[in-house]
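Source file: start_24.txt; contents: compact mmCIF, C-alpha atoms.
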```
# COMPACT_ATOMS: atom_id res chain seq x y z
CA MET A 184 -77.60 -75.01 -30.05
CA PRO A 185 -80.22 -77.63 -31.04
CA ASN A 186 -82.35 -76.92 -34.11
CA PHE A 187 -85.97 -77.44 -33.13
CA SER A 188 -87.40 -76.29 -36.48
CA PRO A 189 -89.71 -78.85 -38.11
CA TYR A 190 -87.82 -78.22 -41.37
CA ARG A 191 -84.38 -79.10 -42.70
CA TYR A 192 -82.83 -76.10 -44.46
CA PHE A 193 -80.88 -76.43 -47.72
CA SER A 194 -78.99 -73.67 -49.48
CA LYS A 195 -79.19 -73.68 -53.27
CA LYS A 196 -75.77 -75.38 -53.45
CA GLU A 197 -76.65 -78.00 -50.85
CA TRP A 198 -79.92 -78.78 -52.60
CA ALA A 199 -78.23 -78.98 -56.02
CA ASN A 200 -75.92 -81.71 -54.69
CA LEU A 201 -78.99 -83.93 -54.18
CA ARG A 202 -79.60 -84.15 -57.90
CA PHE A 203 -77.13 -87.05 -58.17
CA ASN A 204 -77.39 -88.45 -61.71
CA THR A 205 -80.93 -87.28 -62.50
CA PRO A 206 -80.84 -86.41 -66.21
CA MET A 207 -81.98 -83.10 -67.69
CA THR A 208 -84.96 -84.00 -69.87
CA LEU A 209 -86.11 -80.52 -70.93
CA THR A 210 -84.76 -78.51 -73.84
CA GLN A 211 -84.14 -74.76 -73.69
CA ALA A 212 -87.21 -74.21 -75.89
CA GLU A 213 -89.39 -76.28 -73.54
CA ILE A 214 -88.10 -74.36 -70.52
CA GLU A 215 -88.99 -71.04 -72.17
CA GLU A 216 -92.52 -72.31 -72.84
CA LEU A 217 -92.95 -73.21 -69.17
CA GLN A 218 -91.99 -69.83 -67.72
CA GLY A 219 -94.64 -67.34 -66.67
CA VAL A 220 -95.01 -63.63 -67.37
CA ASN A 221 -91.88 -61.70 -66.33
CA GLU A 222 -90.15 -64.89 -65.21
CA LYS A 223 -86.82 -65.92 -66.70
CA LEU A 224 -86.39 -69.62 -66.12
CA SER A 225 -82.88 -70.89 -66.69
CA VAL A 226 -81.38 -74.30 -67.30
CA GLU A 227 -79.34 -73.67 -64.15
CA GLU A 228 -82.46 -73.31 -61.97
CA ILE A 229 -84.05 -76.42 -63.45
CA THR A 230 -80.80 -78.29 -62.83
CA THR A 231 -80.08 -77.07 -59.30
CA ILE A 232 -83.62 -76.86 -57.89
CA TYR A 233 -86.20 -78.76 -59.90
CA LEU A 234 -84.24 -81.89 -60.83
CA PRO A 235 -83.45 -82.67 -57.16
CA LEU A 236 -87.05 -81.78 -56.25
CA THR A 237 -88.58 -84.10 -58.83
CA ARG A 238 -86.08 -86.81 -57.93
CA LEU A 239 -87.38 -86.62 -54.35
CA LEU A 240 -91.01 -86.53 -55.51
CA ASN A 241 -90.44 -89.53 -57.77
CA LEU A 242 -88.99 -91.48 -54.85
CA TYR A 243 -92.10 -90.63 -52.82
CA VAL A 244 -94.38 -91.68 -55.69
CA ASN A 245 -92.40 -94.90 -56.10
CA SER A 246 -92.83 -95.69 -52.42
CA SER A 247 -96.55 -95.03 -52.67
CA GLN A 248 -96.83 -97.37 -55.65
CA MET A 249 -94.88 -100.07 -53.79
CA LEU A 250 -97.18 -99.71 -50.80
CA HIS A 251 -100.15 -100.15 -53.12
CA ALA A 252 -98.61 -103.34 -54.52
CA VAL A 253 -97.91 -104.68 -51.02
CA THR A 254 -101.52 -103.98 -50.00
CA ASP A 255 -102.78 -105.83 -53.08
CA THR A 256 -100.59 -108.79 -52.13
CA PHE A 257 -101.99 -108.77 -48.61
CA PHE A 258 -105.59 -108.88 -49.87
CA GLY A 259 -104.78 -111.29 -52.70
CA ASN A 260 -106.22 -109.13 -55.48
CA THR A 261 -105.19 -106.53 -58.05
CA THR A 262 -106.58 -103.01 -57.95
CA ARG A 263 -105.69 -99.93 -59.96
CA LYS A 264 -103.49 -97.52 -58.01
CA VAL A 265 -105.01 -94.13 -57.24
CA PRO A 266 -103.24 -90.93 -58.30
CA TYR A 267 -100.52 -89.44 -56.11
CA VAL A 268 -101.66 -85.88 -55.30
CA ILE A 269 -99.26 -82.93 -54.95
CA GLY A 270 -100.51 -79.57 -53.66
CA VAL A 271 -98.78 -76.35 -54.76
CA ALA A 272 -99.65 -73.15 -52.85
CA GLY A 273 -98.42 -69.56 -52.65
CA SER A 274 -99.37 -65.95 -53.27
CA VAL A 275 -100.69 -64.39 -56.44
CA ALA A 276 -97.71 -63.56 -58.72
CA VAL A 277 -95.21 -65.67 -56.76
CA GLY A 278 -94.82 -68.21 -59.59
CA LYS A 279 -96.66 -71.25 -58.23
CA SER A 280 -98.27 -71.99 -61.63
CA THR A 281 -94.81 -72.08 -63.22
CA THR A 282 -93.60 -74.39 -60.45
CA ALA A 283 -96.56 -76.72 -61.08
CA ARG A 284 -95.86 -76.78 -64.84
CA ILE A 285 -92.17 -77.56 -64.35
CA ILE A 286 -92.93 -80.37 -61.92
CA GLN A 287 -95.48 -81.77 -64.37
CA ALA A 288 -93.04 -81.62 -67.28
CA LEU A 289 -90.20 -83.30 -65.38
CA LEU A 290 -92.24 -85.98 -63.58
CA SER A 291 -94.02 -86.98 -66.80
CA ARG A 292 -90.62 -88.05 -68.16
CA TRP A 293 -89.96 -90.55 -65.37
CA PRO A 294 -90.74 -94.14 -66.50
CA ASN A 295 -93.15 -94.86 -63.62
CA THR A 296 -95.21 -91.62 -63.90
CA PRO A 297 -95.97 -90.94 -67.58
CA SER A 298 -99.34 -89.31 -66.89
CA VAL A 299 -99.33 -86.12 -64.80
CA GLU A 300 -102.30 -83.73 -64.71
CA ILE A 301 -102.73 -80.25 -63.21
CA ILE A 302 -105.92 -78.97 -61.59
CA THR A 303 -106.03 -75.26 -60.75
CA THR A 304 -108.37 -74.07 -58.04
CA ASP A 305 -109.35 -71.13 -60.28
CA GLY A 306 -111.85 -73.53 -61.81
CA PHE A 307 -113.60 -73.74 -58.44
CA LEU A 308 -114.15 -70.02 -58.02
CA TYR A 309 -117.82 -69.14 -57.97
CA PRO A 310 -118.98 -67.58 -61.28
CA ASN A 311 -118.87 -63.78 -61.36
CA GLU A 312 -122.67 -63.72 -61.29
CA VAL A 313 -122.63 -65.52 -57.94
CA LEU A 314 -119.78 -63.40 -56.55
CA ASN A 315 -121.66 -60.21 -57.46
CA ALA A 316 -124.85 -61.55 -55.88
CA LYS A 317 -122.92 -62.33 -52.69
CA GLY A 318 -121.27 -58.89 -52.77
CA ILE A 319 -117.76 -60.38 -52.74
CA MET A 320 -116.50 -59.67 -56.27
CA ASP A 321 -113.66 -57.65 -54.70
CA LYS A 322 -112.74 -60.71 -52.64
CA LYS A 323 -112.13 -62.99 -55.59
CA GLY A 324 -109.40 -65.36 -54.43
CA PHE A 325 -110.37 -65.16 -50.76
CA PRO A 326 -111.51 -68.47 -49.22
CA GLU A 327 -115.19 -67.49 -49.37
CA SER A 328 -115.01 -66.97 -53.15
CA TYR A 329 -114.41 -70.67 -53.83
CA ASN A 330 -116.86 -73.53 -54.12
CA THR A 331 -114.77 -75.58 -51.71
CA LYS A 332 -117.47 -78.22 -51.39
CA GLU A 333 -117.22 -78.93 -55.14
CA LEU A 334 -113.40 -79.01 -55.03
CA ILE A 335 -113.48 -81.53 -52.19
CA LYS A 336 -116.02 -83.61 -54.14
CA VAL A 337 -113.71 -83.69 -57.19
CA LEU A 338 -110.65 -84.60 -55.11
CA SER A 339 -112.65 -87.30 -53.32
CA ARG A 340 -113.54 -88.89 -56.67
CA ILE A 341 -109.94 -88.69 -57.87
CA LYS A 342 -108.63 -90.34 -54.70
CA ALA A 343 -111.38 -92.97 -54.88
CA GLY A 344 -110.02 -94.03 -58.28
CA HIS A 345 -112.93 -92.96 -60.49
CA PRO A 346 -112.00 -93.48 -64.17
CA ARG A 347 -113.28 -90.06 -65.32
CA VAL A 348 -113.54 -87.01 -63.08
CA LYS A 349 -114.73 -83.65 -64.44
CA ALA A 350 -113.28 -80.36 -63.17
CA PRO A 351 -114.70 -76.95 -64.18
CA VAL A 352 -112.68 -74.59 -66.39
CA TYR A 353 -111.77 -70.97 -65.62
CA SER A 354 -110.89 -68.41 -68.31
CA HIS A 355 -108.34 -65.72 -67.44
CA LEU A 356 -109.38 -63.95 -70.65
CA TYR A 357 -112.99 -63.58 -69.52
CA TYR A 358 -112.11 -63.59 -65.80
CA ASP A 359 -114.88 -66.11 -65.18
CA ILE A 360 -115.91 -69.75 -65.16
CA ILE A 361 -116.76 -71.07 -68.64
CA PRO A 362 -120.25 -72.63 -68.41
CA GLY A 363 -120.43 -76.21 -69.63
CA GLN A 364 -116.67 -76.64 -70.10
CA TYR A 365 -114.72 -79.20 -68.10
CA THR A 366 -111.30 -80.79 -67.86
CA VAL A 367 -111.58 -84.58 -67.59
CA ILE A 368 -109.11 -86.30 -65.28
CA LYS A 369 -108.63 -89.92 -66.41
CA GLN A 370 -106.81 -91.74 -63.59
CA PRO A 371 -103.36 -90.22 -64.11
CA ASP A 372 -100.34 -91.34 -62.09
CA ILE A 373 -100.02 -87.91 -60.48
CA VAL A 374 -102.38 -84.96 -59.99
CA ILE A 375 -100.95 -81.55 -59.12
CA VAL A 376 -103.48 -79.27 -57.40
CA GLU A 377 -102.32 -75.66 -57.74
CA GLY A 378 -103.85 -72.59 -56.13
CA ILE A 379 -103.48 -69.87 -53.54
CA ASN A 380 -105.98 -71.49 -51.20
CA VAL A 381 -105.06 -75.18 -51.24
CA LEU A 382 -103.48 -75.26 -47.76
CA GLN A 383 -106.13 -73.15 -46.05
CA THR A 384 -108.28 -74.64 -43.34
CA PRO A 385 -111.93 -73.67 -42.87
CA LYS A 386 -112.71 -70.99 -40.32
CA GLN A 387 -114.16 -72.40 -37.14
CA GLU A 388 -117.79 -71.81 -37.95
CA ALA A 389 -120.86 -73.90 -37.29
CA HIS A 390 -121.08 -75.05 -40.89
CA SER A 391 -117.37 -75.33 -41.71
CA HIS A 392 -116.19 -78.40 -43.61
CA SER A 393 -114.84 -81.27 -41.55
CA VAL A 394 -112.61 -82.22 -44.51
CA TYR A 395 -109.84 -79.95 -45.81
CA VAL A 396 -108.59 -79.75 -49.39
CA SER A 397 -105.11 -80.63 -48.12
CA ASP A 398 -106.44 -83.89 -46.64
CA PHE A 399 -106.22 -85.31 -50.16
CA PHE A 400 -102.56 -84.36 -50.66
CA ASP A 401 -99.78 -86.90 -50.44
CA ILE A 402 -97.31 -84.01 -50.30
CA SER A 403 -97.55 -80.21 -50.44
CA ILE A 404 -95.28 -77.41 -51.65
CA TYR A 405 -95.42 -73.70 -50.74
CA VAL A 406 -93.71 -71.17 -53.03
CA ASP A 407 -92.51 -68.35 -50.77
CA ALA A 408 -90.97 -64.90 -51.21
CA ASP A 409 -90.69 -61.57 -49.42
CA ASP A 410 -93.96 -59.60 -49.63
CA ARG A 411 -92.17 -56.60 -51.15
CA ASP A 412 -90.74 -58.74 -53.95
CA ILE A 413 -94.12 -60.31 -54.71
CA TYR A 414 -95.65 -56.82 -54.88
CA GLU A 415 -92.98 -55.72 -57.38
CA TRP A 416 -93.56 -58.85 -59.49
CA TYR A 417 -97.32 -58.25 -59.42
CA VAL A 418 -96.96 -54.66 -60.65
CA GLU A 419 -94.47 -55.63 -63.38
CA ARG A 420 -96.72 -58.47 -64.52
CA PHE A 421 -99.71 -56.12 -64.67
CA LYS A 422 -97.72 -53.68 -66.81
CA THR A 423 -96.56 -56.46 -69.14
CA LEU A 424 -100.10 -57.81 -69.56
CA ARG A 425 -101.19 -54.48 -71.10
CA LYS A 426 -99.40 -55.49 -74.29
CA THR A 427 -100.35 -59.16 -74.18
CA ALA A 428 -103.54 -60.54 -72.58
CA PHE A 429 -105.15 -57.15 -71.91
CA ALA A 430 -104.66 -56.11 -75.54
CA ASN A 431 -107.27 -58.66 -76.63
CA PRO A 432 -110.58 -56.75 -77.13
CA GLU A 433 -112.43 -59.69 -75.52
CA SER A 434 -110.34 -59.51 -72.35
CA TYR A 435 -112.15 -58.60 -69.13
CA PHE A 436 -109.23 -56.24 -68.46
CA HIS A 437 -109.06 -54.69 -71.93
CA ARG A 438 -109.81 -51.29 -70.37
CA TYR A 439 -106.30 -51.34 -68.92
CA ALA A 440 -104.53 -51.96 -72.25
CA ASN A 441 -103.73 -48.33 -73.00
CA LEU A 442 -102.68 -47.17 -69.56
CA THR A 443 -99.37 -45.38 -69.17
CA ASP A 444 -96.67 -46.97 -66.98
CA GLU A 445 -97.53 -44.58 -64.17
CA GLU A 446 -101.28 -45.24 -64.42
CA ALA A 447 -100.72 -49.01 -64.59
CA SER A 448 -98.46 -48.91 -61.52
CA MET A 449 -101.06 -46.92 -59.56
CA ILE A 450 -103.93 -49.26 -60.44
CA ALA A 451 -101.88 -52.42 -59.82
CA THR A 452 -100.73 -51.04 -56.47
CA ASP A 453 -104.32 -50.24 -55.50
CA ILE A 454 -105.50 -53.77 -56.41
CA TRP A 455 -102.55 -55.27 -54.53
CA ASN A 456 -103.18 -53.26 -51.36
CA ARG A 457 -106.99 -53.65 -51.35
CA ILE A 458 -107.17 -57.32 -52.27
CA ASN A 459 -104.05 -59.41 -52.79
CA LYS A 460 -101.94 -58.16 -49.87
CA ILE A 461 -104.84 -58.61 -47.45
CA ASN A 462 -105.51 -62.12 -48.77
CA LEU A 463 -101.81 -62.97 -48.52
CA ASP A 464 -101.51 -61.72 -44.94
CA GLN A 465 -104.77 -63.14 -43.64
CA ASN A 466 -105.25 -66.37 -45.55
CA ILE A 467 -102.24 -67.53 -47.59
CA ALA A 468 -99.03 -66.81 -45.67
CA PRO A 469 -100.39 -68.35 -42.42
CA THR A 470 -100.60 -71.71 -44.25
CA ARG A 471 -96.91 -71.75 -45.23
CA ASN A 472 -95.84 -73.95 -42.34
CA ARG A 473 -98.47 -76.55 -43.21
CA ALA A 474 -96.47 -77.42 -46.35
CA ASN A 475 -94.03 -80.34 -46.56
CA ILE A 476 -91.67 -78.38 -48.81
CA ILE A 477 -91.07 -74.61 -48.91
CA LEU A 478 -89.34 -73.13 -51.96
CA GLU A 479 -87.91 -69.73 -50.98
CA LYS A 480 -87.40 -67.19 -53.77
CA GLY A 481 -85.06 -64.21 -53.92
CA ALA A 482 -85.71 -60.79 -55.45
CA ASP A 483 -84.64 -62.06 -58.91
CA HIS A 484 -87.54 -64.58 -58.90
CA SER A 485 -85.18 -67.56 -58.65
CA ILE A 486 -85.32 -70.11 -55.82
CA SER A 487 -82.54 -69.42 -53.32
CA SER A 488 -83.17 -72.14 -50.73
CA VAL A 489 -85.39 -75.09 -49.88
CA ARG A 490 -86.95 -76.20 -46.61
CA LEU A 491 -88.01 -79.83 -46.26
CA ARG A 492 -90.22 -80.96 -43.39
CA LYS A 493 -88.52 -83.53 -41.20
CA ILE A 494 -89.99 -87.00 -41.18
```
Would you give me this structure, written as structure tokens?
Amino acid sequence: MPNFSPYRYFSKKEWANLRFNTPMTLTQAEIEELQGVNEKLSVEEITTIYLPLTRLLNLYVNSSQMLHAVTDTFFGNTTRKVPYVIGVAGSVAVGKSTTARIIQALLSRWPNTPSVEIITTDGFLYPNEVLNAKGIMDKKGFPESYNTKELIKVLSRIKAGHPRVKAPVYSHLYYDIIPGQYTVIKQPDIVIVEGINVLQTPKQEAHSHSVYVSDFFDISIYVDADDRDIYEWYVERFKTLRKTAFANPESYFHRYANLTDEEASMIATDIWNRINKINLDQNIAPTRNRANIILEKGADHSISSVRLRKI
């Protein structure tokens, strides 16, 4: 029976065979630094999933750079190439930030892409003061909680080749934007834009944007998993954070530091059901099939298969 899916499916073994001779450039210590809370990254997963993935991405970047050179030849001048932009999307707690960090670490070791920067869309959340004034503090992470206009402005400047582009900074400790602090993007070879909302399209309203965030992506990746597994990871991460980030007296969530396991599970479940699950169902998961690459995770948090959009 013909396969009319827009994606090619690869099992973990099939995908691993596409590594070819791509060398492992990360040490065990570096891999451990890259993993997120409650994630156990292994050399095996880097080898079987991320080395083939970054080999493919590097080939795409190489082709983009060659196209730039051909265009310069056509016009008879020399211009600086603009950054290749990779979007990474997925639910809260699914591990998209870890995926972005691994891709950054591996791609930065390729000879043609030494400079790779990450922009997280957290920096484009409205400040808590604004969210409270709008009455949407409980919808932090929903599309309406982001200053999408500012994010599009920043991506426009990056893609236009501006030498210095400032992006606002978000603090997970204070759970808020840090006034006056910025990350400066200085014409890197690659920019990874990571966030739950990066593949979302504006709702069809009179004043919706005519430009989408994803319009600036050269390629996009969606980190996927079963909702029940993501929920379990979210609760376990919340419980772990009691002894780490929440233990800091300056943390916005310090009030949760001394909760029992049962209390922590109840509060995390409530937050998941009231906020994150609704956001996932209504806004995030529907964008999955807009991605070029889908990384599918199993219950153990490791990637079990890969889907690659057909060209």
Using 12 Å as the limit and counting all atoms listed in the file, can you tabulate each residue of segment 267-358 of chain A that touches segment 203-208 of chain A, with its shortest atom-to-atom distance in Å and the two atoms involved, as a tab-separated table?
```
residue	atom	partner	partner_atom	distance
A:Ile285	CA	A:Thr208	CA	11.1
A:Ile286	CA	A:Thr208	CA	11.8
A:Ala288	CA	A:Thr208	CA	8.8
A:Leu289	CA	A:Thr208	CA	6.9
A:Leu290	CA	A:Thr208	CA	9.8
A:Ser291	CA	A:Thr208	CA	10.0
A:Arg292	CA	A:Thr208	CA	7.2
A:Trp293	CA	A:Thr208	CA	9.4
```
Written file, previous selection with C-alpha atoms, as a PDB file, in the frame of the given file:
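Ended up saving to out_27.pdb:
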```pdb
ATOM      1  CA  ILE A 285     -92.170 -77.560 -64.350  1.00  0.00           C
ATOM      2  CA  ILE A 286     -92.930 -80.370 -61.920  1.00  0.00           C
ATOM      3  CA  ALA A 288     -93.040 -81.620 -67.280  1.00  0.00           C
ATOM      4  CA  LEU A 289     -90.200 -83.300 -65.380  1.00  0.00           C
ATOM      5  CA  LEU A 290     -92.240 -85.980 -63.580  1.00  0.00           C
ATOM      6  CA  SER A 291     -94.020 -86.980 -66.800  1.00  0.00           C
ATOM      7  CA  ARG A 292     -90.620 -88.050 -68.160  1.00  0.00           C
ATOM      8  CA  TRP A 293     -89.960 -90.550 -65.370  1.00  0.00           C
TER       9      TRP A 293
END
```
Between A:Pro346, A:Gly278, A:Gly259, A:Pro371, which residue has the minimum interatomic distance to Asn295 of chain A, considering only C-alpha atoms?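 Comparing A:Pro346, A:Gly278, A:Gly259, A:Pro371 against Asn295 of chain A, the winner is A:Pro371.
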Check the smallest atom-to-atom distance from each of A:Tyr357, A:Gln465, A:Thr303, A:Glu228 to Ser434 of chain A using only C-alpha atoms, then report the winner.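 Closest candidate: A:Tyr357.
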Distance atom CA of Val348 of chain A-atom CA of Thr366 of chain A, one decimal place? 8.2 Å
Atom CA of Lys195 of chain A and atom CA of Asn459 of chain A are how many Å apart? 28.7 Å
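Comparing A:Val352, A:Leu308, A:Leu424, A:Ala199 by their smallest distance to Thr331 of chain A, the closest is A:Leu308 (using only C-alpha atoms).
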Residues proximal to (-113.6, -87.9, -58.6) were defined as those with any atom within 12 Å of that point in the file's coordinates, counting only C-alpha atoms. Which are they, as a short mmCIF file (atom, residue, chain, number, x, y, z; two decimals) with C-alpha atoms, keeping the file's coordinate frame?
```cif
data_model
loop_
_atom_site.label_atom_id
_atom_site.label_comp_id
_atom_site.auth_asym_id
_atom_site.auth_seq_id
_atom_site.Cartn_x
_atom_site.Cartn_y
_atom_site.Cartn_z
CA VAL A 265 -105.01 -94.13 -57.24
CA PRO A 266 -103.24 -90.93 -58.30
CA GLU A 333 -117.22 -78.93 -55.14
CA LEU A 334 -113.40 -79.01 -55.03
CA ILE A 335 -113.48 -81.53 -52.19
CA LYS A 336 -116.02 -83.61 -54.14
CA VAL A 337 -113.71 -83.69 -57.19
CA LEU A 338 -110.65 -84.60 -55.11
CA SER A 339 -112.65 -87.30 -53.32
CA ARG A 340 -113.54 -88.89 -56.67
CA ILE A 341 -109.94 -88.69 -57.87
CA LYS A 342 -108.63 -90.34 -54.70
CA ALA A 343 -111.38 -92.97 -54.88
CA GLY A 344 -110.02 -94.03 -58.28
CA HIS A 345 -112.93 -92.96 -60.49
CA PRO A 346 -112.00 -93.48 -64.17
CA ARG A 347 -113.28 -90.06 -65.32
CA VAL A 348 -113.54 -87.01 -63.08
CA LYS A 349 -114.73 -83.65 -64.44
CA ALA A 350 -113.28 -80.36 -63.17
CA THR A 366 -111.30 -80.79 -67.86
CA VAL A 367 -111.58 -84.58 -67.59
CA ILE A 368 -109.11 -86.30 -65.28
CA LYS A 369 -108.63 -89.92 -66.41
CA GLN A 370 -106.81 -91.74 -63.59
CA PRO A 371 -103.36 -90.22 -64.11
CA VAL A 374 -102.38 -84.96 -59.99
CA PHE A 399 -106.22 -85.31 -50.16
#
```
What is the distance between atom CA of Val406 of chain A and atom CA of Ile373 of chain A, in Å to one decimal?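 Going from atom CA of Val406 of chain A over to atom CA of Ile373 of chain A, I get 19.4 Å.
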Nearest candidate to Glu415 of chain A (options A:Asn221, A:Asn315, A:Ser188, A:Thr443; using only C-alpha atoms): A:Asn221
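Nearest residue to Asp453 of chain A, choosing from A:Ser393, A:Asp321, A:Arg490, A:Ser274 and counting only C-alpha atoms: A:Asp321.
Minimum atom-to-atom distance to Gln218 of chain A, evaluated using all atoms listed in the file, belongs to A:Thr282 out of A:Thr282, A:Asn311, A:Asn431, A:Ser448.
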Closest atom pairs, residues of segment 238-270 of chain A within 12 Å of segment 467-488 of chain A, all atoms listed in the file, as a Markdown table:
```
| residue | atom | partner | partner_atom | distance |
| --- | --- | --- | --- | --- |
| A:Leu239 | CA | A:Ile476 | CA | 10.8 |
| A:Leu240 | CA | A:Ile476 | CA | 10.6 |
| A:Ile269 | CA | A:Asn475 | CA | 10.2 |
| A:Gly270 | CA | A:Ala474 | CA | 8.6 |
```
Might you pull out every residue within 10 Å of Lys322 of chain A, with all atoms listed in the file counted and same-chain residues fewer than 4 positions away left off, and present them as a list in words? Leu314, Gly318, Pro326, Glu327, Ser328, Arg457, Ile458, Asn459, Ile461 and Asn462 of chain A
